[in-house]
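As provided, work_29.txt (compact mmCIF, C-alpha atoms and all ligand atoms) reads as follows.
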```txt
# COMPACT_ATOMS: atom_id res chain seq x y z
CA MET A 1 -6.31 -3.20 27.71
CA SER A 2 -4.43 -5.61 25.45
CA THR A 3 -0.71 -6.19 26.01
CA LYS A 4 -0.18 -7.45 22.49
CA SER A 5 3.01 -6.54 20.67
CA ALA A 6 3.18 -5.92 16.92
CA LEU A 7 6.14 -5.47 14.58
CA ILE A 8 5.56 -3.44 11.41
CA THR A 9 8.10 -3.39 8.60
CA GLY A 10 7.56 -0.35 6.38
CA ILE A 11 6.28 1.61 9.40
CA THR A 12 7.34 4.92 7.84
CA GLY A 13 5.20 4.34 4.74
CA GLN A 14 1.59 5.34 4.13
CA ASP A 15 0.08 2.09 5.43
CA GLY A 16 2.64 1.74 8.23
CA ALA A 17 1.55 5.10 9.66
CA TYR A 18 -2.20 4.33 9.55
CA LEU A 19 -1.65 0.81 10.90
CA SER A 20 0.51 2.14 13.77
CA LYS A 21 -2.27 4.51 14.75
CA LEU A 22 -4.89 1.75 14.61
CA LEU A 23 -2.85 -0.70 16.68
CA LEU A 24 -1.90 1.92 19.26
CA GLU A 25 -5.59 2.78 19.65
CA LYS A 26 -6.23 -0.92 20.27
CA GLY A 27 -3.64 -0.97 23.05
CA TYR A 28 -0.79 -2.72 21.25
CA THR A 29 2.86 -1.98 21.85
CA VAL A 30 3.97 -1.07 18.33
CA TYR A 31 7.49 -1.73 17.06
CA GLY A 32 8.66 -0.65 13.64
CA LEU A 33 11.61 -1.57 11.50
CA LEU A 34 13.47 1.59 10.54
CA ALA A 35 15.68 1.48 7.45
CA ARG A 36 18.27 4.23 7.94
CA ARG A 37 17.96 7.04 5.39
CA SER A 38 19.60 10.44 5.05
CA THR A 39 16.17 12.08 4.68
CA ASP A 40 13.38 12.54 7.23
CA THR A 41 11.14 9.50 6.90
CA LEU A 42 9.12 10.01 10.08
CA TRP A 43 6.84 12.75 8.66
CA ARG A 44 3.82 10.45 8.19
CA LEU A 45 3.98 9.13 11.76
CA ARG A 46 4.28 12.77 12.90
CA GLU A 47 1.26 13.87 10.83
CA LEU A 48 -0.84 11.20 12.58
CA GLY A 49 0.65 12.19 15.96
CA VAL A 50 2.11 8.74 16.73
CA ASP A 51 5.85 9.23 16.12
CA LYS A 52 6.63 9.34 19.84
CA GLN A 53 4.51 6.30 20.65
CA VAL A 54 6.12 3.73 18.36
CA GLN A 55 9.37 1.92 19.18
CA LEU A 56 11.77 1.97 16.24
CA ILE A 57 14.31 -0.78 15.63
CA ASP A 58 17.07 -0.31 13.04
CA GLY A 59 16.95 -2.89 10.30
CA ASP A 60 16.46 -3.61 6.64
CA ILE A 61 14.20 -6.12 4.91
CA SER A 62 17.21 -7.35 2.89
CA ASP A 63 19.19 -8.14 6.07
CA LEU A 64 17.96 -11.33 7.75
CA SER A 65 20.08 -10.82 10.86
CA SER A 66 18.44 -7.45 11.53
CA LEU A 67 14.99 -9.04 11.16
CA ILE A 68 15.85 -11.80 13.63
CA ARG A 69 17.02 -9.11 16.04
CA ALA A 70 13.79 -7.14 15.51
CA MET A 71 11.74 -10.24 16.26
CA GLN A 72 13.73 -10.86 19.44
CA LEU A 73 13.59 -7.25 20.66
CA SER A 74 9.89 -6.78 19.95
CA ALA A 75 8.67 -10.22 21.09
CA ALA A 76 5.96 -9.55 18.51
CA THR A 77 2.88 -11.76 18.38
CA GLU A 78 1.75 -10.07 15.16
CA VAL A 79 4.03 -9.15 12.26
CA TYR A 80 2.88 -6.89 9.44
CA ASN A 81 5.28 -7.04 6.49
CA LEU A 82 4.68 -3.79 4.62
CA ALA A 83 8.28 -2.91 3.64
CA ALA A 84 8.78 -2.76 -0.10
CA GLN A 85 9.97 -0.85 -3.12
CA SER A 86 6.31 -0.04 -3.71
CA PHE A 87 6.31 2.09 -6.87
CA VAL A 88 5.50 0.14 -10.05
CA GLY A 89 7.11 2.81 -12.27
CA SER A 90 10.52 2.50 -10.57
CA SER A 91 10.50 -1.26 -10.77
CA TRP A 92 11.60 -1.14 -14.42
CA GLN A 93 14.59 1.00 -13.43
CA GLN A 94 15.40 -1.13 -10.37
CA PRO A 95 14.20 -4.66 -11.16
CA VAL A 96 16.88 -6.47 -9.13
CA LEU A 97 16.40 -4.30 -6.04
CA THR A 98 12.63 -4.69 -6.36
CA ALA A 99 13.02 -8.49 -6.50
CA GLN A 100 15.35 -8.45 -3.49
CA LEU A 101 13.04 -6.33 -1.33
CA ASP A 102 9.56 -7.37 -2.52
CA GLY A 103 10.35 -11.05 -3.21
CA VAL A 104 13.37 -12.29 -1.25
CA GLY A 105 12.69 -9.73 1.52
CA VAL A 106 9.40 -11.47 2.28
CA ILE A 107 11.22 -14.79 2.68
CA ASN A 108 13.72 -13.06 4.99
CA MET A 109 10.87 -11.86 7.21
CA LEU A 110 9.10 -15.24 7.12
CA GLU A 111 12.36 -16.94 8.11
CA ALA A 112 12.89 -14.51 11.00
CA VAL A 113 9.39 -15.30 12.26
CA ARG A 114 9.88 -19.05 11.79
CA ILE A 115 13.23 -19.00 13.63
CA VAL A 116 12.31 -16.70 16.53
CA ARG A 117 8.59 -17.08 17.08
CA PRO A 118 6.82 -19.45 14.67
CA ASP A 119 3.48 -19.00 16.42
CA ALA A 120 3.44 -15.24 15.67
CA ARG A 121 0.80 -14.19 13.15
CA PHE A 122 2.12 -12.83 9.86
CA TYR A 123 0.56 -10.43 7.35
CA GLN A 124 2.00 -10.01 3.86
CA ALA A 125 1.24 -6.88 1.83
CA SER A 126 0.32 -8.42 -1.50
CA THR A 127 -1.16 -6.42 -4.33
CA SER A 128 -3.71 -6.29 -7.14
CA GLU A 129 -0.72 -5.64 -9.46
CA MET A 130 -0.29 -9.45 -9.38
CA PHE A 131 -3.46 -9.66 -11.54
CA GLY A 132 -1.84 -7.37 -14.15
CA LEU A 133 -3.26 -8.46 -17.48
CA ILE A 134 -6.55 -9.39 -15.92
CA GLN A 135 -7.90 -12.91 -16.45
CA ALA A 136 -11.41 -12.11 -15.15
CA GLU A 137 -13.51 -8.96 -15.37
CA MET A 138 -13.68 -8.75 -11.57
CA GLN A 139 -10.70 -10.17 -9.69
CA ASP A 140 -11.03 -12.26 -6.56
CA GLU A 141 -8.91 -14.77 -4.61
CA ARG A 142 -9.35 -17.43 -7.30
CA THR A 143 -8.45 -15.30 -10.32
CA PRO A 144 -5.19 -16.42 -12.00
CA PHE A 145 -2.28 -13.97 -11.75
CA TYR A 146 -0.52 -12.35 -14.73
CA PRO A 147 1.88 -9.66 -13.46
CA ARG A 148 2.93 -6.92 -15.89
CA SER A 149 5.86 -5.27 -14.10
CA PRO A 150 8.98 -6.29 -12.17
CA TYR A 151 7.05 -5.09 -9.11
CA GLY A 152 4.15 -7.45 -9.82
CA VAL A 153 6.54 -10.34 -10.46
CA ALA A 154 8.44 -9.75 -7.21
CA LYS A 155 5.23 -9.38 -5.18
CA LEU A 156 3.97 -12.65 -6.63
CA MET A 157 7.03 -14.36 -5.16
CA GLY A 158 6.26 -12.83 -1.76
CA HIS A 159 2.64 -13.91 -2.04
CA TRP A 160 3.43 -17.54 -2.85
CA ALA A 161 6.15 -17.64 -0.19
CA THR A 162 3.51 -16.61 2.36
CA VAL A 163 1.13 -19.33 1.17
CA ASN A 164 3.99 -21.83 1.22
CA TYR A 165 5.09 -21.01 4.80
CA ARG A 166 1.48 -21.46 5.86
CA GLU A 167 1.22 -24.81 4.12
CA SER A 168 4.68 -26.22 4.87
CA HIS A 169 5.39 -24.83 8.35
CA GLY A 170 1.83 -24.45 9.61
CA MET A 171 2.41 -20.75 10.24
CA HIS A 172 -0.45 -18.31 10.68
CA ALA A 173 0.57 -16.41 7.53
CA SER A 174 -2.04 -14.41 5.60
CA SER A 175 -1.74 -12.50 2.37
CA GLY A 176 -3.85 -9.40 1.79
CA ILE A 177 -4.32 -8.78 -1.92
CA LEU A 178 -4.97 -5.08 -1.61
CA PHE A 179 -6.14 -2.96 -4.51
CA ASN A 180 -4.81 0.62 -4.78
CA HIS A 181 -5.37 2.62 -1.63
CA GLU A 182 -4.57 6.25 -1.14
CA SER A 183 -4.66 9.02 1.46
CA PRO A 184 -3.17 12.44 2.15
CA LEU A 185 -0.05 10.47 3.21
CA ARG A 186 0.36 8.77 -0.19
CA GLY A 187 3.79 9.10 -1.83
CA ILE A 188 3.96 11.95 -4.34
CA GLU A 189 5.02 9.60 -7.19
CA PHE A 190 1.64 7.81 -7.24
CA VAL A 191 -0.95 9.23 -9.60
CA THR A 192 -3.63 10.29 -7.09
CA ARG A 193 -1.25 12.29 -4.92
CA LYS A 194 0.61 13.64 -7.96
CA VAL A 195 -2.75 14.98 -9.16
CA THR A 196 -3.98 16.36 -5.81
CA ASP A 197 -0.65 18.09 -5.14
CA ALA A 198 -0.71 19.61 -8.64
CA VAL A 199 -4.33 20.74 -8.25
CA ALA A 200 -3.41 22.55 -5.04
CA ARG A 201 -0.38 24.17 -6.70
CA ILE A 202 -2.41 25.25 -9.75
CA LYS A 203 -5.14 26.67 -7.52
CA LEU A 204 -2.53 28.69 -5.60
CA GLY A 205 -0.90 29.93 -8.82
CA LEU A 206 2.35 28.00 -8.23
CA GLN A 207 2.03 25.80 -11.34
CA ASP A 208 -0.07 25.70 -14.51
CA LYS A 209 0.29 22.29 -16.19
CA LEU A 210 0.19 18.71 -14.95
CA HIS A 211 2.04 16.09 -17.04
CA LEU A 212 0.53 12.59 -16.92
CA GLY A 213 0.82 9.31 -18.82
CA ASN A 214 -2.06 6.95 -19.53
CA ILE A 215 -5.18 8.64 -18.18
CA ASP A 216 -7.45 5.93 -19.59
CA ALA A 217 -6.09 3.38 -17.09
CA LYS A 218 -8.70 2.30 -14.54
CA ARG A 219 -8.09 1.56 -10.88
CA ASP A 220 -10.16 0.38 -7.93
CA TRP A 221 -9.14 3.06 -5.41
CA GLY A 222 -9.91 2.99 -1.69
CA PHE A 223 -8.81 4.81 1.46
CA ALA A 224 -5.69 3.49 3.25
CA GLY A 225 -7.26 4.10 6.67
CA ASP A 226 -10.05 1.65 5.80
CA TYR A 227 -7.61 -0.89 4.35
CA VAL A 228 -5.33 -1.21 7.41
CA GLU A 229 -8.38 -2.35 9.40
CA ALA A 230 -8.64 -5.31 7.01
CA MET A 231 -4.98 -6.19 7.69
CA TRP A 232 -5.64 -6.31 11.42
CA LEU A 233 -8.87 -8.30 10.98
CA MET A 234 -7.00 -10.96 8.96
CA LEU A 235 -4.66 -11.62 11.89
CA GLN A 236 -7.57 -11.93 14.36
CA GLN A 237 -9.03 -14.96 12.53
CA ASP A 238 -8.52 -18.50 13.87
CA LYS A 239 -7.19 -19.61 10.49
CA ALA A 240 -4.81 -17.75 8.20
CA ASP A 241 -6.04 -17.15 4.65
CA ASP A 242 -5.77 -14.82 1.65
CA TYR A 243 -8.21 -11.98 1.01
CA VAL A 244 -8.90 -9.47 -1.74
CA ILE A 245 -9.45 -5.99 -0.30
CA ALA A 246 -11.09 -3.57 -2.74
CA THR A 247 -14.10 -1.30 -3.19
CA GLY A 248 -15.68 -3.07 -6.18
CA ILE A 249 -15.73 0.19 -8.17
CA THR A 250 -13.25 1.11 -10.90
CA THR A 251 -12.58 4.63 -12.21
CA THR A 252 -10.32 6.06 -14.92
CA VAL A 253 -7.37 8.29 -14.03
CA ARG A 254 -9.19 10.87 -16.21
CA ASP A 255 -12.32 10.81 -14.02
CA MET A 256 -10.20 10.92 -10.85
CA CYS A 257 -8.55 14.08 -12.26
CA GLN A 258 -11.96 15.54 -12.98
CA ILE A 259 -13.00 15.05 -9.34
CA ALA A 260 -9.78 16.65 -8.04
CA PHE A 261 -9.82 19.72 -10.30
CA ALA A 262 -13.58 20.28 -9.97
CA HIS A 263 -13.22 20.36 -6.17
CA VAL A 264 -11.40 23.71 -6.47
CA GLY A 265 -13.50 24.98 -9.39
CA LEU A 266 -11.03 24.08 -12.17
CA ASP A 267 -11.41 22.16 -15.46
CA TYR A 268 -8.81 19.37 -15.72
CA GLN A 269 -8.80 19.66 -19.53
CA GLN A 270 -7.23 23.13 -19.27
CA HIS A 271 -4.26 21.82 -17.28
CA VAL A 272 -3.54 18.13 -17.97
CA VAL A 273 -0.89 17.46 -20.62
CA ILE A 274 -0.23 13.92 -21.87
CA ASP A 275 3.49 13.19 -21.68
CA GLU A 276 4.96 9.98 -23.12
CA LYS A 277 7.60 10.05 -20.42
CA PHE A 278 5.00 8.70 -17.98
CA LEU A 279 3.81 5.80 -20.15
CA ARG A 280 4.91 2.37 -18.90
CA PRO A 281 6.64 -0.41 -20.88
CA ALA A 282 3.67 -2.68 -20.04
CA GLU A 283 0.46 -1.29 -18.57
CA VAL A 284 -2.18 -2.68 -16.25
CA ASP A 285 -5.20 -1.24 -18.07
CA VAL A 286 -7.89 -2.00 -15.56
CA LEU A 287 -8.24 -3.38 -12.02
CA LEU A 288 -11.53 -4.14 -10.32
CA GLY A 289 -11.63 -6.17 -7.13
CA ASN A 290 -14.35 -8.29 -5.60
CA PRO A 291 -14.15 -7.98 -1.79
CA ALA A 292 -17.03 -10.43 -1.13
CA LYS A 293 -14.87 -12.93 0.78
CA ALA A 294 -13.48 -10.25 3.10
CA GLN A 295 -16.99 -8.87 3.62
CA LYS A 296 -18.32 -12.28 4.59
CA ALA A 297 -15.38 -13.70 6.59
CA LEU A 298 -13.96 -10.53 8.15
CA GLY A 299 -17.05 -8.31 8.22
CA TRP A 300 -14.94 -5.70 6.41
CA THR A 301 -16.39 -3.06 4.09
CA PRO A 302 -14.81 0.11 2.69
CA LYS A 303 -16.26 3.26 4.27
CA THR A 304 -14.82 6.05 2.12
CA SER A 305 -15.98 7.01 -1.39
CA LEU A 306 -13.52 8.07 -4.10
CA GLN A 307 -15.05 11.55 -4.04
CA GLN A 308 -14.41 11.85 -0.26
CA LEU A 309 -10.92 10.41 -0.64
CA ILE A 310 -9.74 12.65 -3.48
CA THR A 311 -11.26 15.85 -2.10
CA SER A 312 -9.67 15.19 1.31
CA MET A 313 -6.31 14.75 -0.43
CA VAL A 314 -6.72 18.04 -2.34
CA ASP A 315 -7.66 19.83 0.90
CA ALA A 316 -4.64 18.36 2.72
CA ASP A 317 -2.30 19.47 -0.09
CA LEU A 318 -3.80 22.97 -0.09
CA ARG A 319 -3.24 23.16 3.70
CA ARG A 320 0.36 21.95 3.39
CA LEU A 321 1.21 24.45 0.66
CA GLN A 322 -0.49 27.34 2.46
CA ALA A 323 1.44 26.53 5.62
P1 LIG B 401 5.14 3.11 0.95
O1 LIG B 401 4.47 4.33 1.45
O2 LIG B 401 6.02 3.21 -0.26
O3 LIG B 401 6.00 2.48 2.15
C1 LIG B 401 7.00 1.53 1.92
C2 LIG B 401 7.75 1.30 3.22
O4 LIG B 401 8.79 0.32 3.00
C3 LIG B 401 8.45 2.55 3.77
O5 LIG B 401 8.34 2.57 5.17
C4 LIG B 401 9.90 2.30 3.37
O6 LIG B 401 10.83 2.93 4.22
C5 LIG B 401 9.98 0.81 3.58
N1 LIG B 401 11.16 0.23 2.95
C6 LIG B 401 11.60 0.42 1.68
N2 LIG B 401 12.74 -0.26 1.49
C7 LIG B 401 13.03 -0.88 2.66
C8 LIG B 401 14.09 -1.73 3.09
N3 LIG B 401 15.08 -2.05 2.27
N4 LIG B 401 14.07 -2.19 4.35
C9 LIG B 401 13.08 -1.84 5.20
N5 LIG B 401 12.06 -1.02 4.85
C10 LIG B 401 12.03 -0.57 3.59
O7 LIG B 401 4.07 1.97 0.62
P2 LIG B 401 2.55 1.81 1.14
O8 LIG B 401 1.65 2.46 0.17
O9 LIG B 401 2.48 2.16 2.58
O10 LIG B 401 2.35 0.25 0.95
C11 LIG B 401 2.66 -0.68 2.00
C12 LIG B 401 2.87 -2.06 1.39
O11 LIG B 401 1.66 -2.47 0.73
C13 LIG B 401 3.97 -2.16 0.36
O12 LIG B 401 4.55 -3.44 0.47
C14 LIG B 401 3.23 -2.04 -0.96
O13 LIG B 401 3.96 -2.66 -2.02
C15 LIG B 401 1.95 -2.78 -0.62
N6 LIG B 401 0.76 -2.38 -1.37
C16 LIG B 401 0.41 -1.08 -1.45
C17 LIG B 401 -0.73 -0.72 -2.13
C18 LIG B 401 -1.18 0.72 -2.21
O14 LIG B 401 -2.03 1.02 -3.05
N7 LIG B 401 -0.70 1.58 -1.35
C19 LIG B 401 -1.53 -1.72 -2.74
C20 LIG B 401 -1.15 -3.05 -2.61
C21 LIG B 401 -0.01 -3.38 -1.92
P3 LIG B 401 11.38 4.45 3.90
O15 LIG B 401 10.30 5.35 4.37
O16 LIG B 401 12.61 4.52 4.71
O17 LIG B 401 11.62 4.49 2.42
P1 LIG B 402 -0.10 1.55 -9.60
O1 LIG B 402 -1.46 1.05 -9.95
O2 LIG B 402 0.47 0.86 -8.38
O3 LIG B 402 0.85 1.56 -10.71
O4 LIG B 402 -0.34 3.05 -9.07
P2 LIG B 402 0.01 4.47 -9.73
O5 LIG B 402 -0.73 5.48 -8.93
O6 LIG B 402 1.49 4.67 -9.87
O7 LIG B 402 -0.58 4.38 -11.20
C1 LIG B 402 -1.96 4.16 -11.42
C2 LIG B 402 -2.27 4.29 -12.91
O8 LIG B 402 -2.12 5.66 -13.29
C3 LIG B 402 -1.33 3.48 -13.83
O9 LIG B 402 -2.10 2.87 -14.83
C4 LIG B 402 -0.45 4.54 -14.44
O10 LIG B 402 0.05 4.23 -15.74
C5 LIG B 402 -1.43 5.71 -14.53
N1 LIG B 402 -0.74 7.01 -14.66
C6 LIG B 402 -0.99 7.92 -15.63
N2 LIG B 402 -0.16 8.98 -15.49
C7 LIG B 402 0.61 8.72 -14.41
C8 LIG B 402 1.65 9.45 -13.77
O11 LIG B 402 2.05 10.52 -14.17
N3 LIG B 402 2.20 8.89 -12.66
C9 LIG B 402 1.79 7.67 -12.18
N4 LIG B 402 2.35 7.17 -11.07
N5 LIG B 402 0.82 6.95 -12.79
C10 LIG B 402 0.24 7.47 -13.88
```

In C-alpha cells, what does this structure look like?
Ligand code: NAP
Ligand code: GDP
Amino acid sequence: MSTKSALITGITGQDGAYLSKLLLEKGYTVYGLLARRSTDTLWRLRELGVDKQVQLIDGDISDLSSLIRAMQLSAATEVYNLAAQSFVGSSWQQPVLTAQLDGVGVINMLEAVRIVRPDARFYQASTSEMFGLIQAEMQDERTPFYPRSPYGVAKLMGHWATVNYRESHGMHASSGILFNHESPLRGIEFVTRKVTDAVARIKLGLQDKLHLGNIDAKRDWGFAGDYVEAMWLMLQQDKADDYVIATGITTTVRDMCQIAFAHVGLDYQQHVVIDEKFLRPAEVDVLLGNPAKAQKALGWTPKTSLQQLITSMVDADLRRLQA
C-alpha cells in the first residue's frame, strides 16, 4: 500500500471528487483545500462516498499564506491544482476575479510548492478553451493558443506559469490541456448538465421548455472519471510535460441534445427554445482534440462514449428528481 500524500485544490468540484476517489483507491492520503462557503459544497464527495475519507484544510487559492499552510499540513508529494472560477459564461461578468483565481491563483499555488516542497509534483488544470479561435482543425500540444474569453485568457496565464516554473525552477510541473469533460456531478450551469437536468424534468412533467444559446457549437466531450486518470498518470512520469486530453470526436450541442431527449423517448425539437440571453460575446465555435501524445506517452485512452456519458447523466438526474 502506498503512503503517498496528495493535496487537491478544488476538491469539492466535479474533477476534485473523481480524483479523490481515484487516489484513495490507490492508497493515497488525500488532502483538499476547502474554500469556506455558506452553501453545502461537499455533495459531490458524498455522492461518491468519499467525504469522510478526505482531510479538508481551510484555504483559498487567492491567499498564498493559506496555500503554504496547506502544503505544510499535508506534506503532499503530489499537488493537483484544480481550483478555479471554471465557468466560461461567468468570466465576462467577473473578469478580474477569474484572472485572480485562474491566473494569479496558479502562481500562488506554484509559489507555495516552491517554498515548502519544491520536489513535489504539480498538476495544473489547463483547458482547451485556450485554443479558442482554433488555429488548426485538430488541436494538439503544438497548436498556437487564441483564447476567446476572460476564462481562456486567465487559464493561459496559469498554463504558461506552470511551464515557466518547470523551466526556471526545475519543478516537476505538468499542464493537462483537458477538453470538456462531464459527468453526473457536472455543475448545472454547463450545457450538458443543463440539458440532462431539463430532460429529466420534462420527462417527469416538471418543465416543458429548455432555453439554450448557440446549439451549433461543437465540443469534444469526454467523461470526467476517465480524465482524472490522465491527471494522475502525468504525475507518475519521470519528466514533467504538457498533454492534450480529449476523445478526438467533436459533436454539436444540437446532437448532444438529441441523444439526451431520445434516451427518454422525447424529440428535442419540441422542447428546445433558442434564447439570445445564452449567446456569448465571443464564441468558441468548435473544439477537437488530438490525444495521440497522451496515448503514446501515458498509455491513456478515453473509455466512455458520448452516448454512454449523456444517457448516464439523464438517468442520474431522473433518479435525483424522483428521490
Ligand atoms: P468545478 O466543478 O467548477 O470545481 C471548481 C473547484 O474550484 C470547486 O471545488 C470550487 O470550490 C473551487 N474554487 C473556486 N474558487 C475557489 C477559491 N477562491 N479558492 C479555492 N477553491 C476555489 O470545476 P471542474 O469541472 O471540476 O474543473 C476542475 C478544473 O479543471 C478547473 O480548474 C477547470 O477550470 C478545469 N477544467 C475543466 C474542464 C471541464 O470540462 N470540466 C476542462 C478543462 C479544464 P467550491 O465548491 O467551494 O465553489
Ligand atoms: P465551455 O466549453 O467550457 O464553455 O462549456 P459549456 O458547457 O458552458 O458550453 C459549451 C458550449 O455550449 C458553448 O459553445 C456554449 O455557447 C454552448 N451553449 C449553448 N447554449 C448554452 C447554455 O444554455 N448554457 C451553456 N453553458 N452553454 C451553452

Quick one: everything within 12 Å of A:Val163, counting all atoms listed in the file, minus sequence neighbours fewer than 6 positions away in the same chain. Send it as a compact mmCIF listing (two decimals) with C-alpha atoms, in the frame of the given file.
```txt
# COMPACT_ATOMS: atom_id res chain seq x y z
CA VAL A 106 9.40 -11.47 2.28
CA ILE A 107 11.22 -14.79 2.68
CA LEU A 110 9.10 -15.24 7.12
CA PHE A 122 2.12 -12.83 9.86
CA TYR A 123 0.56 -10.43 7.35
CA GLN A 124 2.00 -10.01 3.86
CA SER A 126 0.32 -8.42 -1.50
CA LEU A 156 3.97 -12.65 -6.63
CA MET A 157 7.03 -14.36 -5.16
CA HIS A 169 5.39 -24.83 8.35
CA GLY A 170 1.83 -24.45 9.61
CA MET A 171 2.41 -20.75 10.24
CA HIS A 172 -0.45 -18.31 10.68
CA ALA A 173 0.57 -16.41 7.53
CA SER A 174 -2.04 -14.41 5.60
CA SER A 175 -1.74 -12.50 2.37
CA GLY A 176 -3.85 -9.40 1.79
CA ALA A 240 -4.81 -17.75 8.20
CA ASP A 241 -6.04 -17.15 4.65
CA ASP A 242 -5.77 -14.82 1.65
CA TYR A 243 -8.21 -11.98 1.01
```

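The coordinates place atom N4 of ligand LIG 402 (chain B) at 22.7 Å from atom CA of A:Arg37.
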
Can I get the residues close to ligand LIG 401 (chain B) as a ChimeraX atom specification, where close means within 6 Å and we count all atoms listed in the file?
/A:9-16,35,37,41,60-62,82-86,101,125-127,178-181,187

Same residues, C-alpha atoms, output as a PDB file, in the coordinates of the input:
```pdb
ATOM      1  CA  THR A   9       8.100  -3.390   8.600  1.00  0.00           C
ATOM      2  CA  GLY A  10       7.560  -0.350   6.380  1.00  0.00           C
ATOM      3  CA  ILE A  11       6.280   1.610   9.400  1.00  0.00           C
ATOM      4  CA  THR A  12       7.340   4.920   7.840  1.00  0.00           C
ATOM      5  CA  GLY A  13       5.200   4.340   4.740  1.00  0.00           C
ATOM      6  CA  GLN A  14       1.590   5.340   4.130  1.00  0.00           C
ATOM      7  CA  ASP A  15       0.080   2.090   5.430  1.00  0.00           C
ATOM      8  CA  GLY A  16       2.640   1.740   8.230  1.00  0.00           C
ATOM      9  CA  ALA A  35      15.680   1.480   7.450  1.00  0.00           C
ATOM     10  CA  ARG A  37      17.960   7.040   5.390  1.00  0.00           C
ATOM     11  CA  THR A  41      11.140   9.500   6.900  1.00  0.00           C
ATOM     12  CA  ASP A  60      16.460  -3.610   6.640  1.00  0.00           C
ATOM     13  CA  ILE A  61      14.200  -6.120   4.910  1.00  0.00           C
ATOM     14  CA  SER A  62      17.210  -7.350   2.890  1.00  0.00           C
ATOM     15  CA  LEU A  82       4.680  -3.790   4.620  1.00  0.00           C
ATOM     16  CA  ALA A  83       8.280  -2.910   3.640  1.00  0.00           C
ATOM     17  CA  ALA A  84       8.780  -2.760  -0.100  1.00  0.00           C
ATOM     18  CA  GLN A  85       9.970  -0.850  -3.120  1.00  0.00           C
ATOM     19  CA  SER A  86       6.310  -0.040  -3.710  1.00  0.00           C
ATOM     20  CA  LEU A 101      13.040  -6.330  -1.330  1.00  0.00           C
ATOM     21  CA  ALA A 125       1.240  -6.880   1.830  1.00  0.00           C
ATOM     22  CA  SER A 126       0.320  -8.420  -1.500  1.00  0.00           C
ATOM     23  CA  THR A 127      -1.160  -6.420  -4.330  1.00  0.00           C
ATOM     24  CA  LEU A 178      -4.970  -5.080  -1.610  1.00  0.00           C
ATOM     25  CA  PHE A 179      -6.140  -2.960  -4.510  1.00  0.00           C
ATOM     26  CA  ASN A 180      -4.810   0.620  -4.780  1.00  0.00           C
ATOM     27  CA  HIS A 181      -5.370   2.620  -1.630  1.00  0.00           C
ATOM     28  CA  GLY A 187       3.790   9.100  -1.830  1.00  0.00           C
TER      29      GLY A 187
END
```

Expected answer as a PDB file with C-alpha atoms, keeping the file's coordinate frame: residues within 7 Å of ligand LIG 402 (chain B), all atoms listed in the file:
```pdb
ATOM      1  CA  PHE A  87       6.310   2.090  -6.870  1.00  0.00           C
ATOM      2  CA  VAL A  88       5.500   0.140 -10.050  1.00  0.00           C
ATOM      3  CA  GLY A  89       7.110   2.810 -12.270  1.00  0.00           C
ATOM      4  CA  GLU A 129      -0.720  -5.640  -9.460  1.00  0.00           C
ATOM      5  CA  ASN A 180      -4.810   0.620  -4.780  1.00  0.00           C
ATOM      6  CA  GLU A 189       5.020   9.600  -7.190  1.00  0.00           C
ATOM      7  CA  PHE A 190       1.640   7.810  -7.240  1.00  0.00           C
ATOM      8  CA  VAL A 191      -0.950   9.230  -9.600  1.00  0.00           C
ATOM      9  CA  THR A 192      -3.630  10.290  -7.090  1.00  0.00           C
ATOM     10  CA  LYS A 194       0.610  13.640  -7.960  1.00  0.00           C
ATOM     11  CA  HIS A 211       2.040  16.090 -17.040  1.00  0.00           C
ATOM     12  CA  LEU A 212       0.530  12.590 -16.920  1.00  0.00           C
ATOM     13  CA  GLY A 213       0.820   9.310 -18.820  1.00  0.00           C
ATOM     14  CA  ASN A 214      -2.060   6.950 -19.530  1.00  0.00           C
ATOM     15  CA  ILE A 215      -5.180   8.640 -18.180  1.00  0.00           C
ATOM     16  CA  ALA A 217      -6.090   3.380 -17.090  1.00  0.00           C
ATOM     17  CA  LYS A 218      -8.700   2.300 -14.540  1.00  0.00           C
ATOM     18  CA  ARG A 219      -8.090   1.560 -10.880  1.00  0.00           C
ATOM     19  CA  VAL A 253      -7.370   8.290 -14.030  1.00  0.00           C
ATOM     20  CA  PHE A 278       5.000   8.700 -17.980  1.00  0.00           C
ATOM     21  CA  LEU A 279       3.810   5.800 -20.150  1.00  0.00           C
ATOM     22  CA  ARG A 280       4.910   2.370 -18.900  1.00  0.00           C
ATOM     23  CA  GLU A 283       0.460  -1.290 -18.570  1.00  0.00           C
ATOM     24  CA  VAL A 284      -2.180  -2.680 -16.250  1.00  0.00           C
ATOM     25  CA  ASP A 285      -5.200  -1.240 -18.070  1.00  0.00           C
TER      26      ASP A 285
END
```

Please tabulate, as CSV, the residues of stretch 104-196 of chain A that come within 8 Å of stretch 66-80 of chain A, each with its closest pair of atoms and the distance in Å to one decimal, counting only C-alpha atoms and ordering rows by chain, then residue number upward.
```
residue,atom,partner,partner_atom,distance
A:Asn108,CA,A:Leu67,CA,7.5
A:Met109,CA,A:Leu67,CA,6.4
A:Ala112,CA,A:Ile68,CA,4.8
A:Val113,CA,A:Met71,CA,6.9
A:Ile115,CA,A:Ile68,CA,7.7
A:Val116,CA,A:Met71,CA,6.5
A:Arg117,CA,A:Met71,CA,7.6
A:Asp119,CA,A:Thr77,CA,7.5
A:Ala120,CA,A:Thr77,CA,4.4
A:Arg121,CA,A:Glu78,CA,4.7
A:Phe122,CA,A:Val79,CA,4.8
A:Tyr123,CA,A:Tyr80,CA,4.7
A:Gln124,CA,A:Tyr80,CA,6.5
A:Ala125,CA,A:Tyr80,CA,7.8
```

Neighbouring residues of stretch 21-31 of chain A were defined as those with any atom within 7 Å, considering all atoms listed in the file; residues of the same chain fewer than 6 positions away were excluded. Please report them as a PDB file with C-alpha atoms, in the coordinates of the input.
```
ATOM      1  CA  MET A   1      -6.310  -3.200  27.710  1.00  0.00           C
ATOM      2  CA  SER A   2      -4.430  -5.610  25.450  1.00  0.00           C
ATOM      3  CA  THR A   3      -0.710  -6.190  26.010  1.00  0.00           C
ATOM      4  CA  LYS A   4      -0.180  -7.450  22.490  1.00  0.00           C
ATOM      5  CA  SER A   5       3.010  -6.540  20.670  1.00  0.00           C
ATOM      6  CA  ALA A   6       3.180  -5.920  16.920  1.00  0.00           C
ATOM      7  CA  LEU A   7       6.140  -5.470  14.580  1.00  0.00           C
ATOM      8  CA  ILE A   8       5.560  -3.440  11.410  1.00  0.00           C
ATOM      9  CA  VAL A  50       2.110   8.740  16.730  1.00  0.00           C
ATOM     10  CA  VAL A  54       6.120   3.730  18.360  1.00  0.00           C
ATOM     11  CA  GLN A  55       9.370   1.920  19.180  1.00  0.00           C
ATOM     12  CA  LEU A  56      11.770   1.970  16.240  1.00  0.00           C
ATOM     13  CA  SER A  74       9.890  -6.780  19.950  1.00  0.00           C
TER      14      SER A  74
END
```
